[in-house]
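**Q** Provided herewith: structure.csv, CSV, C-alpha atoms and all ligand atoms.
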chain,number,residue,atom,x,y,z
A,1,MET,CA,18.5,13.2,-19.5
A,2,THR,CA,19.3,10.6,-16.8
A,3,GLU,CA,18.5,12.4,-13.5
A,4,ALA,CA,15.4,13.4,-11.7
A,5,ILE,CA,14.2,15.0,-8.5
A,6,LEU,CA,11.0,13.7,-6.9
A,7,LEU,CA,9.2,16.0,-4.5
A,8,VAL,CA,7.6,14.1,-1.7
A,9,GLY,CA,7.7,16.4,1.3
A,10,GLY,CA,5.5,19.3,2.5
A,11,LYS,CA,3.1,19.7,5.3
A,12,GLY,CA,1.6,16.3,5.1
A,13,THR,CA,-1.3,14.8,3.4
A,14,ARG,CA,-5.0,15.2,3.2
A,15,LEU,CA,-5.1,11.4,3.5
A,16,ARG,CA,-3.5,11.7,6.9
A,17,PRO,CA,-6.6,10.9,9.1
A,18,LEU,CA,-6.7,7.5,7.3
A,19,THR,CA,-3.1,6.6,7.2
A,20,VAL,CA,-1.5,8.2,10.2
A,21,HIS,CA,1.7,6.4,9.8
A,22,THR,CA,1.9,6.5,6.1
A,23,PRO,CA,2.5,9.5,3.9
A,24,LYS,CA,0.4,9.6,0.8
A,25,PRO,CA,3.2,8.5,-1.6
A,26,MET,CA,3.5,5.2,0.4
A,27,VAL,CA,-0.2,4.4,0.4
A,28,PRO,CA,-0.7,1.4,-2.0
A,29,ALA,CA,-2.2,2.2,-5.4
A,30,ALA,CA,-2.8,-0.9,-7.5
A,31,GLY,CA,-1.1,-2.9,-4.8
A,32,VAL,CA,2.2,-1.1,-4.5
A,33,PRO,CA,3.2,2.2,-2.8
A,34,PHE,CA,2.0,4.9,-5.1
A,35,LEU,CA,5.5,6.3,-5.5
A,36,THR,CA,6.6,3.0,-7.2
A,37,HIS,CA,4.5,3.9,-10.3
A,38,GLN,CA,6.3,7.3,-10.7
A,39,LEU,CA,9.7,5.8,-10.1
A,40,ALA,CA,9.0,2.9,-12.6
A,41,ARG,CA,7.7,5.3,-15.2
A,42,ALA,CA,10.8,7.6,-14.9
A,43,ARG,CA,13.0,4.5,-15.2
A,44,ALA,CA,11.2,3.4,-18.3
A,45,ALA,CA,11.9,6.9,-19.8
A,46,GLY,CA,15.6,6.5,-19.3
A,47,VAL,CA,16.1,8.1,-15.9
A,48,GLU,CA,18.7,6.3,-13.8
A,49,HIS,CA,19.4,8.5,-10.8
A,50,ILE,CA,16.6,10.0,-8.7
A,51,VAL,CA,16.9,12.2,-5.6
A,52,LEU,CA,13.8,12.1,-3.3
A,53,ALA,CA,13.4,15.4,-1.6
A,54,THR,CA,11.5,14.6,1.5
A,55,SER,CA,10.4,16.2,4.8
A,56,TYR,CA,7.1,14.8,6.2
A,57,LEU,CA,7.4,11.2,7.5
A,58,ALA,CA,10.6,10.9,5.5
A,59,GLU,CA,11.9,7.9,7.4
A,60,VAL,CA,9.4,5.5,5.6
A,61,PHE,CA,10.8,5.9,2.1
A,62,GLU,CA,14.4,4.5,2.4
A,63,PRO,CA,13.5,1.3,4.3
A,64,TYR,CA,11.1,0.4,1.4
A,65,PHE,CA,12.9,1.6,-1.7
A,66,GLY,CA,16.5,1.3,-0.4
A,67,ASP,CA,19.1,2.2,-3.0
A,68,GLY,CA,16.5,1.7,-5.8
A,69,SER,CA,18.3,-1.2,-7.4
A,70,SER,CA,15.2,-3.4,-7.4
A,71,LEU,CA,13.7,-0.8,-9.8
A,72,GLY,CA,16.9,-0.5,-11.8
A,73,LEU,CA,17.5,2.9,-10.3
A,74,HIS,CA,20.0,4.7,-8.1
A,75,LEU,CA,18.0,6.4,-5.4
A,76,GLU,CA,19.1,9.0,-2.9
A,77,TYR,CA,17.2,10.6,-0.1
A,78,VAL,CA,17.5,14.1,1.2
A,79,THR,CA,15.4,15.1,4.2
A,80,GLU,CA,14.6,18.8,5.1
A,81,ARG,CA,14.6,19.6,8.8
A,82,ASP,CA,11.8,22.0,8.2
A,83,PRO,CA,9.8,21.9,4.9
A,84,LEU,CA,11.6,24.2,2.4
A,85,GLY,CA,8.7,24.5,-0.1
A,86,THR,CA,8.9,23.1,-3.6
A,87,GLY,CA,11.6,25.4,-4.9
A,88,GLY,CA,13.6,25.2,-1.7
A,89,ALA,CA,13.4,21.4,-1.8
A,90,ILE,CA,14.7,21.4,-5.4
A,91,ARG,CA,17.6,23.7,-4.5
A,92,ASN,CA,18.4,21.7,-1.4
A,93,VAL,CA,19.2,18.5,-3.4
A,94,ALA,CA,21.3,20.3,-6.1
A,95,SER,CA,24.6,19.1,-4.7
A,96,ARG,CA,23.5,15.5,-5.3
A,97,LEU,CA,23.0,16.1,-9.1
A,98,ARG,CA,25.7,15.0,-11.5
A,99,SER,CA,24.4,16.7,-14.6
A,100,GLY,CA,26.4,19.5,-16.2
A,101,PRO,CA,25.1,23.1,-16.2
A,102,ASP,CA,23.3,22.9,-19.5
A,103,GLU,CA,21.9,19.4,-19.1
A,104,PRO,CA,18.2,18.7,-18.5
A,105,VAL,CA,17.0,17.5,-15.1
A,106,LEU,CA,13.5,16.0,-14.7
A,107,ILE,CA,11.5,17.2,-11.6
A,108,PHE,CA,8.1,16.0,-10.6
A,109,ASN,CA,5.5,16.3,-7.8
A,110,GLY,CA,5.0,13.1,-5.8
A,111,ASP,CA,1.2,13.1,-5.9
A,112,ILE,CA,0.5,12.9,-9.6
A,113,LEU,CA,-0.7,9.9,-11.6
A,114,THR,CA,-0.1,10.6,-15.3
A,115,GLY,CA,0.6,9.0,-18.7
A,116,LEU,CA,2.9,11.8,-19.6
A,117,ASP,CA,5.4,11.0,-22.3
A,118,ILE,CA,8.5,12.0,-20.4
A,119,GLN,CA,10.7,11.7,-23.4
A,120,ALA,CA,8.4,14.1,-25.4
A,121,LEU,CA,8.8,16.7,-22.6
A,122,VAL,CA,12.5,16.3,-22.8
A,123,ALA,CA,12.4,16.6,-26.6
A,124,THR,CA,10.3,19.8,-26.3
A,125,HIS,CA,12.8,21.2,-23.9
A,126,THR,CA,15.8,20.4,-26.0
A,127,GLU,CA,14.2,21.6,-29.3
A,128,SER,CA,12.9,24.8,-27.9
A,129,GLY,CA,16.1,25.6,-26.0
A,130,ALA,CA,14.0,26.5,-23.0
A,131,ASP,CA,15.4,27.2,-19.5
A,132,VAL,CA,12.4,25.2,-18.0
A,133,SER,CA,9.8,23.1,-19.7
A,134,LEU,CA,6.5,22.3,-18.0
A,135,HIS,CA,3.9,19.6,-18.6
A,136,LEU,CA,0.5,21.3,-18.8
A,137,THR,CA,-2.9,19.8,-18.8
A,138,ARG,CA,-6.4,21.1,-19.2
A,139,VAL,CA,-9.0,20.8,-16.4
A,140,PRO,CA,-12.6,22.0,-16.1
A,141,ASP,CA,-11.9,23.9,-12.8
A,142,PRO,CA,-8.4,25.2,-12.6
A,143,ARG,CA,-8.7,27.1,-9.3
A,144,ALA,CA,-6.8,24.6,-7.2
A,145,PHE,CA,-3.8,24.6,-9.5
A,146,GLY,CA,-1.2,26.7,-11.1
A,147,LEU,CA,-2.5,28.4,-14.2
A,148,VAL,CA,-0.1,28.6,-17.1
A,149,PRO,CA,-1.1,30.6,-20.2
A,150,THR,CA,1.1,30.1,-23.2
A,151,ASP,CA,1.5,32.0,-26.5
A,152,ALA,CA,1.0,30.5,-30.0
A,153,ASP,CA,4.4,28.9,-29.8
A,154,GLY,CA,3.8,27.3,-26.5
A,155,ARG,CA,6.0,29.8,-24.6
A,156,VAL,CA,4.7,30.4,-21.1
A,157,THR,CA,3.5,34.0,-20.6
A,158,ALA,CA,2.5,33.9,-16.9
A,159,PHE,CA,2.3,31.6,-13.9
A,160,LEU,CA,-0.6,32.2,-11.6
A,161,GLU,CA,-0.7,29.8,-8.6
A,162,LYS,CA,-4.1,29.1,-7.1
A,163,PRO,CA,-5.9,32.2,-8.6
A,164,GLN,CA,-8.1,34.0,-6.1
A,165,THR,CA,-10.2,36.3,-8.4
A,166,PRO,CA,-12.3,35.5,-11.5
A,167,GLU,CA,-10.0,37.9,-13.5
A,168,GLU,CA,-7.0,35.7,-12.8
A,169,ILE,CA,-8.7,32.7,-14.4
A,170,VAL,CA,-7.2,33.4,-17.9
A,171,THR,CA,-6.8,29.8,-19.1
A,172,ASP,CA,-7.8,26.2,-18.4
A,173,GLN,CA,-4.2,25.1,-18.8
A,174,ILE,CA,-2.6,24.1,-15.6
A,175,ASN,CA,0.8,23.1,-14.3
A,176,ALA,CA,0.6,19.3,-14.3
A,177,GLY,CA,3.5,19.0,-11.8
A,178,ALA,CA,6.3,17.7,-14.1
A,179,TYR,CA,9.2,19.9,-15.3
A,180,VAL,CA,12.5,19.7,-17.1
A,181,PHE,CA,14.9,22.2,-15.7
A,182,ARG,CA,18.2,23.3,-17.2
A,183,ARG,CA,20.6,22.3,-14.4
A,184,SER,CA,22.0,25.8,-14.0
A,185,VAL,CA,18.5,27.1,-13.3
A,186,ILE,CA,18.3,24.8,-10.3
A,187,ASP,CA,21.5,26.2,-8.9
A,188,SER,CA,20.1,29.8,-9.3
A,189,ILE,CA,17.3,29.1,-6.7
A,190,PRO,CA,18.2,30.7,-3.4
A,191,ALA,CA,19.6,28.2,-0.9
A,192,GLY,CA,18.8,27.7,2.8
A,193,ARG,CA,15.3,29.2,2.9
A,194,PRO,CA,11.8,28.2,1.9
A,195,VAL,CA,11.0,28.9,-1.8
A,196,SER,CA,7.9,28.1,-3.7
A,197,VAL,CA,8.8,27.2,-7.3
A,198,GLU,CA,5.2,28.1,-8.3
A,199,ARG,CA,4.9,31.4,-6.5
A,200,GLU,CA,8.5,32.7,-6.6
A,201,THR,CA,10.8,30.8,-9.0
A,202,PHE,CA,8.5,30.7,-12.1
A,203,PRO,CA,7.2,34.2,-11.9
A,204,GLY,CA,10.7,35.5,-11.1
A,205,LEU,CA,12.2,33.7,-14.1
A,206,LEU,CA,9.4,35.1,-16.4
A,207,ALA,CA,10.0,38.6,-15.1
A,208,ALA,CA,13.7,38.2,-15.8
A,209,GLY,CA,13.0,37.2,-19.4
A,210,ALA,CA,13.8,33.5,-19.1
A,211,HIS,CA,12.3,31.0,-21.6
A,212,LEU,CA,9.7,28.8,-20.0
A,213,GLN,CA,8.1,26.4,-22.5
A,214,GLY,CA,4.8,24.6,-22.0
A,215,MET,CA,3.8,21.2,-23.4
A,216,VAL,CA,0.1,20.7,-23.3
A,217,ASP,CA,-1.2,17.2,-23.8
A,218,SER,CA,-4.3,15.3,-23.0
A,219,THR,CA,-2.8,12.1,-21.7
A,220,TYR,CA,-4.2,10.6,-18.5
A,221,TRP,CA,-3.7,13.0,-15.5
A,222,LEU,CA,-4.9,12.9,-12.0
A,223,ASP,CA,-3.9,14.8,-8.8
A,224,LEU,CA,-4.3,12.3,-6.0
A,225,GLY,CA,-4.9,15.0,-3.4
A,226,THR,CA,-8.1,13.4,-2.0
A,227,PRO,CA,-8.9,9.8,-0.9
A,228,GLN,CA,-11.6,9.7,-3.6
A,229,ALA,CA,-9.0,10.7,-6.3
A,230,PHE,CA,-6.6,8.1,-4.8
A,231,VAL,CA,-9.2,5.3,-5.2
A,232,ARG,CA,-10.0,6.5,-8.8
A,233,GLY,CA,-6.2,6.5,-9.6
A,234,SER,CA,-5.7,3.0,-8.2
A,235,ALA,CA,-8.7,1.7,-10.2
A,236,ASP,CA,-7.4,3.3,-13.4
A,237,LEU,CA,-4.0,1.7,-12.9
A,238,VAL,CA,-5.6,-1.7,-12.5
A,239,LEU,CA,-7.9,-1.1,-15.5
A,240,GLY,CA,-4.9,0.0,-17.6
A,241,ARG,CA,-6.2,3.5,-18.2
A,242,ALA,CA,-3.3,5.0,-16.3
A,243,PRO,CA,-0.1,3.3,-17.7
A,244,SER,CA,2.5,2.0,-15.2
A,245,PRO,CA,5.1,-0.7,-15.5
A,246,ALA,CA,4.8,-1.3,-11.8
A,247,VAL,CA,1.2,-2.8,-11.6
A,248,PRO,CA,1.9,-6.2,-10.0
A,249,GLY,CA,-0.3,-8.2,-12.4
A,250,PRO,CA,-2.2,-8.1,-15.6
A,251,CYS,CA,-4.6,-5.2,-16.2
A,252,GLY,CA,-8.3,-6.0,-15.8
A,253,GLU,CA,-11.4,-5.6,-13.7
A,254,TYR,CA,-9.5,-6.4,-10.5
A,255,LEU,CA,-6.2,-7.1,-8.9
A,256,VAL,CA,-6.0,-9.5,-6.0
A,257,LEU,CA,-2.7,-9.6,-4.1
A,258,PRO,CA,-1.3,-13.1,-3.4
A,259,THR,CA,-2.3,-13.5,0.2
A,260,ALA,CA,-5.8,-12.0,-0.2
A,261,LYS,CA,-8.9,-14.3,-0.1
A,262,VAL,CA,-11.9,-13.8,-2.3
A,263,ALA,CA,-15.0,-16.0,-2.0
A,264,PRO,CA,-15.8,-17.7,-5.3
A,265,ASP,CA,-19.2,-16.0,-5.6
A,266,ALA,CA,-17.9,-12.5,-4.6
A,267,LYS,CA,-17.8,-10.1,-7.5
A,268,LEU,CA,-15.0,-7.7,-8.1
A,269,THR,CA,-15.2,-5.1,-10.9
A,270,GLY,CA,-14.1,-1.7,-12.1
A,271,GLY,CA,-10.4,-1.9,-11.2
A,272,THR,CA,-10.9,-3.1,-7.6
A,273,VAL,CA,-7.7,-3.9,-5.6
A,274,VAL,CA,-7.8,-6.4,-2.8
A,275,GLY,CA,-4.6,-6.0,-0.6
A,276,GLU,CA,-2.4,-8.5,1.1
A,277,GLY,CA,-4.3,-10.6,3.6
A,278,ALA,CA,-7.6,-8.9,2.9
A,279,LEU,CA,-10.8,-11.0,2.7
A,280,ILE,CA,-13.9,-10.5,0.5
A,281,ALA,CA,-16.6,-12.8,1.7
A,282,GLU,CA,-19.4,-14.7,0.0
A,283,GLY,CA,-21.8,-12.7,-2.1
A,284,ALA,CA,-20.0,-9.4,-1.5
A,285,ARG,CA,-19.7,-7.0,-4.5
A,286,VAL,CA,-16.8,-4.6,-4.7
A,287,ALA,CA,-16.5,-2.2,-7.6
A,288,GLY,CA,-13.9,0.5,-8.4
A,289,SER,CA,-12.6,0.3,-4.8
A,290,THR,CA,-9.3,-0.2,-2.9
A,291,VAL,CA,-9.4,-2.6,-0.1
A,292,LEU,CA,-6.1,-2.3,1.8
A,293,ALA,CA,-4.2,-5.0,3.6
A,294,GLY,CA,-6.0,-7.1,6.1
A,295,ALA,CA,-9.4,-5.5,5.6
A,296,VAL,CA,-12.5,-7.6,5.6
A,297,VAL,CA,-15.7,-7.2,3.5
A,298,GLU,CA,-18.3,-9.4,5.0
A,299,PRO,CA,-21.0,-11.4,3.2
A,300,GLY,CA,-23.4,-9.5,1.0
A,301,ALA,CA,-21.8,-6.1,1.4
A,302,VAL,CA,-21.8,-3.8,-1.6
A,303,VAL,CA,-18.8,-1.5,-1.9
A,304,THR,CA,-18.5,1.0,-4.7
A,305,ASP,CA,-15.8,3.6,-5.4
A,306,SER,CA,-14.6,3.4,-1.8
A,307,LEU,CA,-11.4,3.1,0.1
A,308,ILE,CA,-11.4,0.5,2.9
A,309,GLY,CA,-8.4,1.1,5.1
A,310,ALA,CA,-5.9,-1.4,6.4
A,311,GLY,CA,-7.5,-3.8,8.9
A,312,ALA,CA,-10.9,-2.2,8.6
A,313,ARG,CA,-14.1,-4.3,8.5
A,314,VAL,CA,-17.3,-3.7,6.5
A,315,GLY,CA,-20.2,-5.6,8.0
A,316,GLU,CA,-22.7,-7.9,6.3
A,317,ARG,CA,-25.0,-6.3,3.8
A,318,ALA,CA,-23.5,-2.8,4.4
A,319,VAL,CA,-23.8,-0.6,1.3
A,320,LEU,CA,-20.9,1.9,0.8
A,321,THR,CA,-20.6,4.3,-2.1
A,322,GLY,CA,-17.8,6.9,-2.4
A,323,ALA,CA,-16.9,6.2,1.2
A,324,VAL,CA,-13.6,6.3,3.0
A,325,VAL,CA,-13.2,3.9,5.9
A,326,GLY,CA,-10.1,4.6,8.0
A,327,ASP,CA,-7.5,2.0,9.0
A,328,GLY,CA,-8.9,-0.3,11.7
A,329,ALA,CA,-12.5,1.1,11.6
A,330,VAL,CA,-15.5,-1.1,11.8
A,331,VAL,CA,-18.7,-0.4,9.8
A,332,GLY,CA,-21.4,-2.7,11.3
A,333,ALA,CA,-23.9,-4.7,9.4
A,334,ASP,CA,-26.6,-3.0,7.3
A,335,ASN,CA,-25.2,0.5,7.4
A,336,GLU,CA,-25.6,2.6,4.3
A,337,LEU,CA,-22.8,5.1,3.7
A,338,ARG,CA,-22.8,7.5,0.8
A,339,GLU,CA,-20.5,9.9,-1.2
A,340,GLY,CA,-18.0,11.8,0.8
A,341,VAL,CA,-18.4,10.1,4.1
A,342,ARG,CA,-15.2,9.4,6.1
A,343,VAL,CA,-15.2,6.9,8.9
A,344,TRP,CA,-12.2,7.8,11.1
A,345,CYS,CA,-9.4,5.4,11.9
A,346,ASP,CA,-10.5,2.8,14.5
A,347,ALA,CA,-14.0,4.2,14.8
A,348,ARG,CA,-16.9,1.7,15.3
A,349,LEU,CA,-20.3,2.1,13.7
A,350,PRO,CA,-22.9,-0.1,15.2
A,351,ALA,CA,-25.1,-2.3,13.0
A,352,GLY,CA,-27.7,-0.4,11.1
A,353,ALA,CA,-26.6,3.0,12.6
A,354,VAL,CA,-26.6,5.0,9.4
A,355,ARG,CA,-29.3,4.7,6.7
A,356,PHE,CA,-30.4,6.8,3.7
A,357,SER,CA,-33.4,4.7,2.7
A,358,SER,CA,-36.8,5.5,4.3
A,359,ASP,CA,-37.9,2.0,4.9
A,360,ALA,CA,-38.1,0.5,8.4
B,1,LIG,N1,10.5,18.1,-0.2
B,1,LIG,C1,9.4,18.9,-0.2
B,1,LIG,N2,9.4,20.0,0.7
B,1,LIG,N3,8.4,18.7,-1.0
B,1,LIG,C2,7.3,19.5,-1.0
B,1,LIG,C3,7.2,20.6,-0.1
B,1,LIG,C4,8.4,20.9,0.8
B,1,LIG,O1,8.4,21.8,1.5
B,1,LIG,N4,6.0,21.2,-0.3
B,1,LIG,C5,5.4,20.5,-1.3
B,1,LIG,N5,6.1,19.4,-1.6
B,1,LIG,C6,5.8,18.4,-2.6
B,1,LIG,C7,4.5,17.7,-2.3
B,1,LIG,O2,4.8,16.5,-1.6
B,1,LIG,C8,3.9,17.4,-3.7
B,1,LIG,O3,4.5,16.2,-4.2
B,1,LIG,C9,4.5,18.5,-4.5
B,1,LIG,O4,5.6,19.1,-3.8
B,1,LIG,C10,3.4,19.6,-4.8
B,1,LIG,O5,2.9,20.1,-3.5
B,1,LIG,P1,1.4,20.1,-3.2
B,1,LIG,O6,1.2,20.6,-1.8
B,1,LIG,O7,0.7,18.8,-3.5
B,1,LIG,O8,0.9,21.2,-4.1
B,1,LIG,P2,-0.5,21.4,-4.9
B,1,LIG,O9,-1.1,20.1,-5.3
B,1,LIG,O10,-1.4,22.3,-4.1
B,1,LIG,O11,-0.1,22.2,-6.2
B,1,LIG,C11,1.0,21.8,-7.0
B,1,LIG,O12,0.6,20.7,-7.9
B,1,LIG,C12,-0.5,21.1,-8.9
B,1,LIG,C13,-0.8,19.9,-9.7
B,1,LIG,O13,-1.3,18.9,-8.9
B,1,LIG,C14,1.5,23.0,-7.8
B,1,LIG,O14,2.7,22.5,-8.4
B,1,LIG,C15,0.5,23.5,-8.8
B,1,LIG,O15,1.0,24.5,-9.6
B,1,LIG,C16,0.0,22.3,-9.7
B,1,LIG,O16,-1.0,22.7,-10.6
B,2,MG,MG,-0.7,18.1,-4.9
For the structure just supplied, provide its representation as structure tokens.
Ligand code: GDD
Ligand code: MG

**A**
Amino acid sequence: MTEAILLVGGKGTRLRPLTVHTPKPMVPAAGVPFLTHQLARARAAGVEHIVLATSYLAEVFEPYFGDGSSLGLHLEYVTERDPLGTGGAIRNVASRLRSGPDEPVLIFNGDILTGLDIQALVATHTESGADVSLHLTRVPDPRAFGLVPTDADGRVTAFLEKPQTPEEIVTDQINAGAYVFRRSVIDSIPAGRPVSVERETFPGLLAAGAHLQGMVDSTYWLDLGTPQAFVRGSADLVLGRAPSPAVPGPCGEYLVLPTAKVAPDAKLTGGTVVGEGALIAEGARVAGSTVLAGAVVEPGAVVTDSLIGAGARVGERAVLTGAVVGDGAVVGADNELREGVRVWCDARLPAGAVRFSSDA
């Protein structure tokens, strides 16, 4: 297998309020656009040619990744005029593939961070003789995903995208968003109209008696659908829990990009990333967080499990836990922000405006 399709389109991103000009795949995770990790992992597994199927803010990908040669890849870009859905996007790039009808093509969702052994998925595909092979993972709450029950041999028996009723929750195995397709199956998806691979293609193939094979494994897996998950994924890349050849530095408690400045007595832990030109001032403590380019964390601030947007500012002694601070926002001194709070891009929070503690 030498070819892949990467799905990076759709209606946009739940990170959008933070990164208006940046689609999620381009937001830095462990210092580089998230997509870099997926591309580098595919390359390490032997993939040489990748077609990016894009729609939303498509124009940002090509200027950054170009022809892919810096990653040892040949990259092509195909932009949908209107989003074609996951299956439609796959079909829409079929003419760019060079694989023969029986050859395997790797396809993956653009918002997944995983330690999947790509070669093992290809081996499963080849050995089982399947039409499509799917990476499956187990999650405690499968409702936001595609449920994929399998039989004793790992053969897929149903595909239930985002189950609505308790009766539909028949398994904790979910579609982890990476597939190997027999090339000819890609060509059989209807062209020129929106198609959901999850709601139409997979159920249709099963109804027609096609062989869909599941490979369940318990490797690192995270859907980066929320800013909180994004921060977690970035930290796990830095800590080395999520494997990627594209992390620009050794794994450890923190990653400080070359032009960032960190005061000698500031403390960085838990996979914290400090982006280009960012500043962490004296006595600040930053744990498990992503501080994007040009952001400032002022003296004595304590930032935990949070995303600090590009050019944002966290004031002196502010305490942030599980917070998302939009690009260019200012959190004044002595604020206390907790789990789930989102400070909108360019918003300004005066000093001491939000507190949880009862003291004066
Ligand atoms: N080019 C293109 N065009 N790409 C698209 C389109 C489209 O119209 N729609 C979605 N995509 C891309 C997204 O950018 C993303 O990388 C991937 O396809 C999946 O779409 P999401 O919108 O993120 O779907 P989801 O997270 O709700 O569900 C999917 O992923 C789950 C795992 O995280 C499904 O594949 C589920 O079955 C799966 O469990
Ligand atoms: Mg998703």

**Q** If you measure from atom CA of A:Val185 to atom CA of A:Thr126, what distance in Å do you get, rounded to one decimal?

**A** 14.6 Å

**Q** Identify which of the residues A:Trp221, A:Phe181, A:Tyr64, A:Tyr254 lies closest to ligand LIG 1 (chain B), counting all atoms listed in the file when measuring atom-to-atom distances.

**A**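 Closest to ligand LIG 1 (chain B) of all the choices is A:Trp221.
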
**Q** Between A:Ile189, A:Ala30, A:Ser70, A:Val216, which has the minimum distance to A:Gly249 (counting only C-alpha atoms)?

**A**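 Comparing A:Ile189, A:Ala30, A:Ser70, A:Val216 against A:Gly249, the winner is A:Ala30.
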
**Q** Neighbours of ligand MG 2 (chain B) within 12 Å, counting all atoms listed in the file, as a PyMOL selection string?

**A** chain A and resi 7-15+24-25+86+108-113+144-146+162+175-178+222-226+229-230

**Q** Restricting the calculation to only C-alpha atoms and all ligand atoms, which member of A:Pro163, A:Gly288, A:Gly66, A:Pro227 is positioned closest to ligand LIG 1 (chain B)?

**A**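 Checking each candidate against ligand LIG 1 (chain B), we get A:Pro163 as the closest.
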
**Q** Residues at most 12 Å from A:Gly340, counting only C-alpha atoms, excluding those fewer than 5 positions away in the same chain, as a list of chain:residue names?

**A**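 Answer for this query is A:Thr226, A:Pro227, A:Gln228, A:Ala229, A:Asp305, A:Ser306, A:Leu307, A:Leu320, A:Thr321, A:Gly322, A:Ala323, A:Val324, A:Val325.
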
**Q** Atom CA of A:Leu147 and atom CA of A:Met215 are how many Å apart?

**A**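 Atom CA of A:Met215 lies 13.3 Å from atom CA of A:Leu147.
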
**Q** May I have the protein, DNA and RNA residues with any atom at most 12 Å from the point (-8.3, 34.8, -10.7), counting only C-alpha atoms, written as a list in words?

**A**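 Those residues lying close to the given coordinates are Asp141, Pro142, Arg143, Ala144, Phe145, Gly146, Leu147, Phe159, Leu160, Glu161, Lys162, Pro163, Gln164, Thr165, Pro166, Glu167, Glu168, Ile169, Val170, Thr171 and Asp172 of chain A.
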
**Q** Enter the distance from atom CA of A:Gly294 to atom CA of A:Ala310, in Å, rounded to one decimal.

**A**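 Atom-to-atom, atom CA of A:Gly294 and atom CA of A:Ala310 are spaced 5.7 Å apart.
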
**Q** Looking at A:Pro28, A:Pro350, A:Gly209, A:Pro104, which one is nearest to A:Leu257, with distances taken over all atoms listed in the file?

**A**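 For A:Leu257, the nearest of the given residues is A:Pro28.
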
**Q** Name all residues at most 12 Å from A:Glu298 (count only C-alpha atoms; drop same-chain ones fewer than 5 positions away) and give them as a list in words.

**A**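 Surrounding residues, per the criterion: Lys261, Val262, Ala263, Ala266, Ala278, Leu279, Ile280, Ala281, Glu282, Gly283, Ala284, Arg285, Val286, Val303, Ala312, Arg313, Val314, Gly315, Glu316, Arg317, Ala318, Val319, Val330, Val331, Gly332, Ala333 and Asp334 of chain A.
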
**Q** Measuring between only C-alpha atoms, which one of A:Met26, A:Ala353, A:Met1, A:Leu75 shows the shortest distance to A:Ala120?

**A**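 The answer is A:Met1, which sits nearest to A:Ala120.
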
**Q** Taking 3 positions as the minimum chain separation for residues in the same chain, which residues sit within 10 Å of A:Tyr179 when counting only C-alpha atoms? Answer as number ranges by chain.

**A** A: 4-5, 104-109, 118, 121-122, 125, 132-136, 175-176, 182, 213-215

**Q** Please produce a file of the residues just selected, as a PDB file, keeping the file's coordinate frame, where the atoms kept are C-alpha atoms.

**A**
ATOM      1  CA  ALA A   4      15.400  13.400 -11.700  1.00  0.00           C
ATOM      2  CA  ILE A   5      14.200  15.000  -8.500  1.00  0.00           C
ATOM      3  CA  PRO A 104      18.200  18.700 -18.500  1.00  0.00           C
ATOM      4  CA  VAL A 105      17.000  17.500 -15.100  1.00  0.00           C
ATOM      5  CA  LEU A 106      13.500  16.000 -14.700  1.00  0.00           C
ATOM      6  CA  ILE A 107      11.500  17.200 -11.600  1.00  0.00           C
ATOM      7  CA  PHE A 108       8.100  16.000 -10.600  1.00  0.00           C
ATOM      8  CA  ASN A 109       5.500  16.300  -7.800  1.00  0.00           C
ATOM      9  CA  ILE A 118       8.500  12.000 -20.400  1.00  0.00           C
ATOM     10  CA  LEU A 121       8.800  16.700 -22.600  1.00  0.00           C
ATOM     11  CA  VAL A 122      12.500  16.300 -22.800  1.00  0.00           C
ATOM     12  CA  HIS A 125      12.800  21.200 -23.900  1.00  0.00           C
ATOM     13  CA  VAL A 132      12.400  25.200 -18.000  1.00  0.00           C
ATOM     14  CA  SER A 133       9.800  23.100 -19.700  1.00  0.00           C
ATOM     15  CA  LEU A 134       6.500  22.300 -18.000  1.00  0.00           C
ATOM     16  CA  HIS A 135       3.900  19.600 -18.600  1.00  0.00           C
ATOM     17  CA  LEU A 136       0.500  21.300 -18.800  1.00  0.00           C
ATOM     18  CA  ASN A 175       0.800  23.100 -14.300  1.00  0.00           C
ATOM     19  CA  ALA A 176       0.600  19.300 -14.300  1.00  0.00           C
ATOM     20  CA  ARG A 182      18.200  23.300 -17.200  1.00  0.00           C
ATOM     21  CA  GLN A 213       8.100  26.400 -22.500  1.00  0.00           C
ATOM     22  CA  GLY A 214       4.800  24.600 -22.000  1.00  0.00           C
ATOM     23  CA  MET A 215       3.800  21.200 -23.400  1.00  0.00           C
TER      24      MET A 215
END

**Q** Using only C-alpha atoms for the distances, tell me which of A:Leu239, A:Ala53, A:Val231, A:Ala58 is nearest to A:Ile308.

**A** A:Val231

**Q** I'd like the contact shell of A:Leu212 - 9 Å cut-off, only C-alpha atoms, skipping same-chain residues fewer than 3 positions apart - returned as a CSV table (one decimal) with C-alpha atoms, in the coordinates of the input.

**A**
chain,number,residue,atom,x,y,z
A,130,ALA,CA,14.0,26.5,-23.0
A,131,ASP,CA,15.4,27.2,-19.5
A,132,VAL,CA,12.4,25.2,-18.0
A,133,SER,CA,9.8,23.1,-19.7
A,134,LEU,CA,6.5,22.3,-18.0
A,154,GLY,CA,3.8,27.3,-26.5
A,155,ARG,CA,6.0,29.8,-24.6
A,156,VAL,CA,4.7,30.4,-21.1
A,157,THR,CA,3.5,34.0,-20.6
A,202,PHE,CA,8.5,30.7,-12.1
A,205,LEU,CA,12.2,33.7,-14.1
A,206,LEU,CA,9.4,35.1,-16.4

**Q** Just the residues within 8 Å of A:Val273, please, counting all atoms listed in the file, with nothing from its chain fewer than 3 positions along; format it as an MDAnalysis selection string.

**A** chainID A and resid 30:31 234:235 238 254:257 289:292
